[in-house]
Amino acid sequence: MRTLSIRLFASSFVAAMTLSCIPVASAADCDQLLKASVSDPHQMSGITGSAELCIDDNHATVSERAENLISGHAYTTWFAYIDDPKQCGNYEGGTPGVCADADGVLPADSPTVVFGRMDGAIAGANGRLHFTGNFHDLRFSHGSTVWIIMFEHGPASTTDNRFLARQLLTPQLPVLGPPGLGAPADGNVGHGVALAVFNIP
C-alpha cells in the first residue's frame, strides 16, 4: 500500500527502536559507531540490509547497503533527526511519545521531525544499492533518534530527464511541500519501503 506522507513506520517499529542498533567499539575514525538493520517493518517490500552511523566530533557519515530492491526502479534515502522522541505525537489524534507521519509536518510552525535527502540511485540487475551520506556540523542530543528512510519511486524514467531528477532528488510527495518536495502533476509517487533506526546514547 502506497503512503501519502513521509511514512516513518513508527507504529510498527516502536520495539525495534530500542533493539535495532547496538553501540560497538569505536572505529579509528569514529567517536561513536552505531549499527542498525535495514528492513521493511510492514513486510511488503522484502528489502533487507545493514547500515552504519559514524559520529566523529562535528562530522557524521552514514553507509547503508540494501538488497532485494526492484531492478530499474529509482530509490532515495532520507535522513530524519528526532531530537526528543518524547515530543512526538503531541497533536490531536497522535500518541504522545510515538513518532508517526504527522510529526514530519506538525506542528506546522516547527515539526518534531527534521529530515533531508541523503542519497538516491537506480537499482541494478542484482537488486542491490549502497547509499551514503555526509553531514557536517550536526549535533546529536543524548536520547535522540536518527531514522534512515528509504523511498521507492517506481521505474526510473528513461525518456524524461526532468521526471528522473524528481525521482532521484525529491520525495515526490506534494503533501510535504509543493513543488519542491513533490510536483502536484506527478501525484504521490514516492513511498516508504525500508527503514534503519539509530538511537543516540
# chains A, B, ... in the order shown; residues from 1 in each chain; ligands from 1
call {"tool": "residues_around", "arguments": {"residues": "segment 43-52 of chain A", "least_positions_apart": "6", "cutoff": "9 Å", "atoms": "only C-alpha atoms", "output": "list in words"}}
result
Met1, Leu33, Leu34, Lys35, Ala36, Ser37, Thr61, Val62, Ser63, Glu64, Arg65, Ala66, Glu67, Asn68, Leu69, Ile148, Val193, Ala194, Ala196, Val197 and Phe198 of chain A
call {"tool": "residues_around", "arguments": {"residues": "His153 of chain A", "least_positions_apart": "2", "cutoff": "7 Å", "atoms": "only C-alpha atoms", "output": "list in words"}}
result
His73, Ala74, Tyr75, Phe151, Pro155, Gln167, Val189, Gly190 and His191 of chain A
call {"tool": "select_by_dssp", "arguments": {"residues": "segment 2-198 of chain A", "states": "strand (DSSP E or B)", "output": "MDAnalysis selection string"}}
result
chainID A and resid 21:24 32:39 48:56 59:67 73:82 113:122 129:136 145:155 191:198
call {"tool": "residues_around", "arguments": {"residues": "segment 177-188 of chain A", "least_positions_apart": "4", "cutoff": "12 Å", "atoms": "only C-alpha atoms", "output": "list in words"}}
result
Arg2, Thr3, Leu4, Ser5, Ile6, Gly104, Val105, Ala108, Phe115, Gly116, Arg117, Phe151, Glu152, His153, Gly154, Arg162, Phe163, Leu164, Ala165, Arg166, Gln167, Leu168, Leu169, Thr170, Pro171, Gln172, Leu173 and Gly192 of chain A
call {"tool": "write_last_selection", "arguments": {"atoms": "N, CA and C atoms", "output": "mmCIF file, in the first residue's frame"}}
result
data_model
loop_
_atom_site.group_PDB
_atom_site.id
_atom_site.type_symbol
_atom_site.label_atom_id
_atom_site.label_comp_id
_atom_site.auth_asym_id
_atom_site.auth_seq_id
_atom_site.Cartn_x
_atom_site.Cartn_y
_atom_site.Cartn_z
ATOM 1 N N ARG A 2 0.679 2.106 -0.935
ATOM 2 C CA ARG A 2 1.471 3.331 -1.022
ATOM 3 C C ARG A 2 0.968 4.357 -0.020
ATOM 4 N N THR A 3 1.894 5.127 0.528
ATOM 5 C CA THR A 3 1.517 6.090 1.543
ATOM 6 C C THR A 3 1.391 7.472 0.942
ATOM 7 N N LEU A 4 0.711 8.363 1.644
ATOM 8 C CA LEU A 4 0.537 9.728 1.197
ATOM 9 C C LEU A 4 1.415 10.685 1.969
ATOM 10 N N SER A 5 2.264 10.184 2.830
ATOM 11 C CA SER A 5 3.145 11.045 3.606
ATOM 12 C C SER A 5 4.494 10.388 3.760
ATOM 13 N N ILE A 6 5.313 10.949 4.642
ATOM 14 C CA ILE A 6 6.700 10.505 4.690
ATOM 15 C C ILE A 6 6.868 9.097 5.219
ATOM 16 N N GLY A 104 6.331 14.779 10.976
ATOM 17 C CA GLY A 104 7.186 15.407 9.973
ATOM 18 C C GLY A 104 6.651 16.741 9.489
ATOM 19 N N VAL A 105 5.377 17.023 9.794
ATOM 20 C CA VAL A 105 4.762 18.270 9.331
ATOM 21 C C VAL A 105 4.046 19.037 10.438
ATOM 22 N N ALA A 108 2.862 22.811 12.522
ATOM 23 C CA ALA A 108 3.218 23.380 11.228
ATOM 24 C C ALA A 108 4.340 24.400 11.313
ATOM 25 N N PHE A 115 13.994 16.423 8.510
ATOM 26 C CA PHE A 115 14.508 15.459 7.548
ATOM 27 C C PHE A 115 15.046 16.153 6.303
ATOM 28 N N GLY A 116 15.962 15.456 5.635
ATOM 29 C CA GLY A 116 16.526 15.950 4.390
ATOM 30 C C GLY A 116 17.049 14.782 3.569
ATOM 31 N N ARG A 117 17.256 15.047 2.301
ATOM 32 C CA ARG A 117 17.717 13.992 1.393
ATOM 33 C C ARG A 117 19.117 13.528 1.755
ATOM 34 N N PHE A 151 12.809 5.522 0.232
ATOM 35 C CA PHE A 151 11.631 5.675 -0.620
ATOM 36 C C PHE A 151 11.873 4.960 -1.942
ATOM 37 N N GLU A 152 10.806 4.395 -2.496
ATOM 38 C CA GLU A 152 10.842 3.822 -3.839
ATOM 39 C C GLU A 152 9.963 4.689 -4.726
ATOM 40 N N HIS A 153 10.435 4.933 -5.964
ATOM 41 C CA HIS A 153 9.779 5.897 -6.851
ATOM 42 C C HIS A 153 9.323 5.280 -8.171
ATOM 43 N N GLY A 154 9.238 3.971 -8.244
ATOM 44 C CA GLY A 154 8.796 3.333 -9.470
ATOM 45 C C GLY A 154 9.915 3.212 -10.499
ATOM 46 N N ARG A 162 13.729 15.404 -16.605
ATOM 47 C CA ARG A 162 13.185 16.216 -15.524
ATOM 48 C C ARG A 162 12.468 15.332 -14.508
ATOM 49 N N PHE A 163 11.670 14.388 -15.005
ATOM 50 C CA PHE A 163 10.981 13.474 -14.099
ATOM 51 C C PHE A 163 11.984 12.578 -13.373
ATOM 52 N N LEU A 164 13.008 12.129 -14.057
ATOM 53 C CA LEU A 164 14.048 11.323 -13.412
ATOM 54 C C LEU A 164 14.704 12.111 -12.276
ATOM 55 N N ALA A 165 14.959 13.394 -12.521
ATOM 56 C CA ALA A 165 15.551 14.223 -11.465
ATOM 57 C C ALA A 165 14.623 14.287 -10.253
ATOM 58 N N ARG A 166 13.319 14.387 -10.491
ATOM 59 C CA ARG A 166 12.383 14.370 -9.367
ATOM 60 C C ARG A 166 12.425 13.034 -8.639
ATOM 61 N N GLN A 167 12.577 11.958 -9.392
ATOM 62 C CA GLN A 167 12.643 10.634 -8.774
ATOM 63 C C GLN A 167 13.856 10.489 -7.870
ATOM 64 N N LEU A 168 14.968 11.098 -8.243
ATOM 65 C CA LEU A 168 16.221 10.909 -7.513
ATOM 66 C C LEU A 168 16.547 12.030 -6.528
ATOM 67 N N LEU A 169 15.831 13.146 -6.627
ATOM 68 C CA LEU A 169 16.174 14.300 -5.795
ATOM 69 C C LEU A 169 15.073 14.734 -4.829
ATOM 70 N N THR A 170 13.858 14.235 -4.998
ATOM 71 C CA THR A 170 12.755 14.675 -4.151
ATOM 72 C C THR A 170 12.005 13.465 -3.596
ATOM 73 N N PRO A 171 11.239 13.659 -2.521
ATOM 74 C CA PRO A 171 10.422 12.546 -2.029
ATOM 75 C C PRO A 171 9.195 12.274 -2.894
ATOM 76 N N GLN A 172 8.870 13.195 -3.781
ATOM 77 C CA GLN A 172 7.698 13.085 -4.655
ATOM 78 C C GLN A 172 6.405 12.923 -3.854
ATOM 79 N N LEU A 173 6.285 13.748 -2.835
ATOM 80 C CA LEU A 173 5.077 13.781 -2.013
ATOM 81 C C LEU A 173 4.645 15.234 -1.854
ATOM 82 N N GLY A 192 7.451 4.977 1.288
ATOM 83 C CA GLY A 192 8.460 4.342 2.120
ATOM 84 C C GLY A 192 8.468 2.844 1.975
#
call {"tool": "atom_distance", "arguments": {"atom1": "atom CA of His42 of chain A", "atom2": "atom CA of Gly124 of chain A"}}
result
23.7 Å
call {"tool": "atom_distance", "arguments": {"atom1": "atom CA of Thr145 of chain A", "atom2": "atom CA of Pro201 of chain A"}}
result
9.1 Å
call {"tool": "atom_distance", "arguments": {"atom1": "atom CA of Thr159 of chain A", "atom2": "atom CA of Gly127 of chain A"}}
result
21.8 Å
call {"tool": "residues_around", "arguments": {"residues": "Pro96 of chain A", "least_positions_apart": "3", "cutoff": "8 Å", "atoms": "only C-alpha atoms", "output": "PDB file with all heavy atoms, in the first residue's frame"}}
result
ATOM      1  N   LYS A  86      10.214  12.043  22.809  1.00  0.00           N
ATOM      2  CA  LYS A  86       9.084  12.222  23.727  1.00  0.00           C
ATOM      3  C   LYS A  86       8.151  13.338  23.266  1.00  0.00           C
ATOM      4  O   LYS A  86       7.000  13.406  23.689  1.00  0.00           O
ATOM      5  CB  LYS A  86       9.592  12.520  25.143  1.00  0.00           C
ATOM      6  CG  LYS A  86      10.336  11.355  25.797  1.00  0.00           C
ATOM      7  CD  LYS A  86      10.625  11.613  27.259  1.00  0.00           C
ATOM      8  CE  LYS A  86      11.550  12.797  27.484  1.00  0.00           C
ATOM      9  NZ  LYS A  86      12.897  12.580  26.929  1.00  0.00           N
ATOM     10  N   GLN A  87       8.628  14.208  22.382  1.00  0.00           N
ATOM     11  CA  GLN A  87       7.798  15.296  21.873  1.00  0.00           C
ATOM     12  C   GLN A  87       6.905  14.861  20.716  1.00  0.00           C
ATOM     13  O   GLN A  87       6.053  15.630  20.262  1.00  0.00           O
ATOM     14  CB  GLN A  87       8.683  16.463  21.420  1.00  0.00           C
ATOM     15  CG  GLN A  87       9.512  17.076  22.532  1.00  0.00           C
ATOM     16  CD  GLN A  87       8.647  17.587  23.667  1.00  0.00           C
ATOM     17  OE1 GLN A  87       7.658  18.275  23.449  1.00  0.00           O
ATOM     18  NE2 GLN A  87       9.023  17.243  24.898  1.00  0.00           N
ATOM     19  N   CYS A  88       7.090  13.641  20.230  1.00  0.00           N
ATOM     20  CA  CYS A  88       6.267  13.156  19.121  1.00  0.00           C
ATOM     21  C   CYS A  88       4.835  12.889  19.585  1.00  0.00           C
ATOM     22  O   CYS A  88       4.581  12.611  20.760  1.00  0.00           O
ATOM     23  CB  CYS A  88       6.851  11.869  18.553  1.00  0.00           C
ATOM     24  SG  CYS A  88       8.341  12.084  17.570  1.00  0.00           S
ATOM     25  N   GLY A  89       3.916  12.993  18.657  1.00  0.00           N
ATOM     26  CA  GLY A  89       2.530  12.622  18.901  1.00  0.00           C
ATOM     27  C   GLY A  89       1.724  13.600  19.714  1.00  0.00           C
ATOM     28  O   GLY A  89       0.591  13.291  20.104  1.00  0.00           O
ATOM     29  N   ASN A  90       2.273  14.782  19.951  1.00  0.00           N
ATOM     30  CA  ASN A  90       1.553  15.769  20.767  1.00  0.00           C
ATOM     31  C   ASN A  90       0.634  16.631  19.905  1.00  0.00           C
ATOM     32  O   ASN A  90       0.808  17.846  19.805  1.00  0.00           O
ATOM     33  CB  ASN A  90       2.553  16.629  21.545  1.00  0.00           C
ATOM     34  CG  ASN A  90       3.274  15.826  22.602  1.00  0.00           C
ATOM     35  OD1 ASN A  90       2.677  15.001  23.276  1.00  0.00           O
ATOM     36  ND2 ASN A  90       4.571  16.059  22.747  1.00  0.00           N
TER      37      ASN A  90
END
call {"tool": "closest_residue", "arguments": {"among": "A:Asp40, A:Ser71, A:Gly93, A:His130", "to": "Ala156 of chain A", "atoms": "only C-alpha atoms"}}
result
A:Ser71
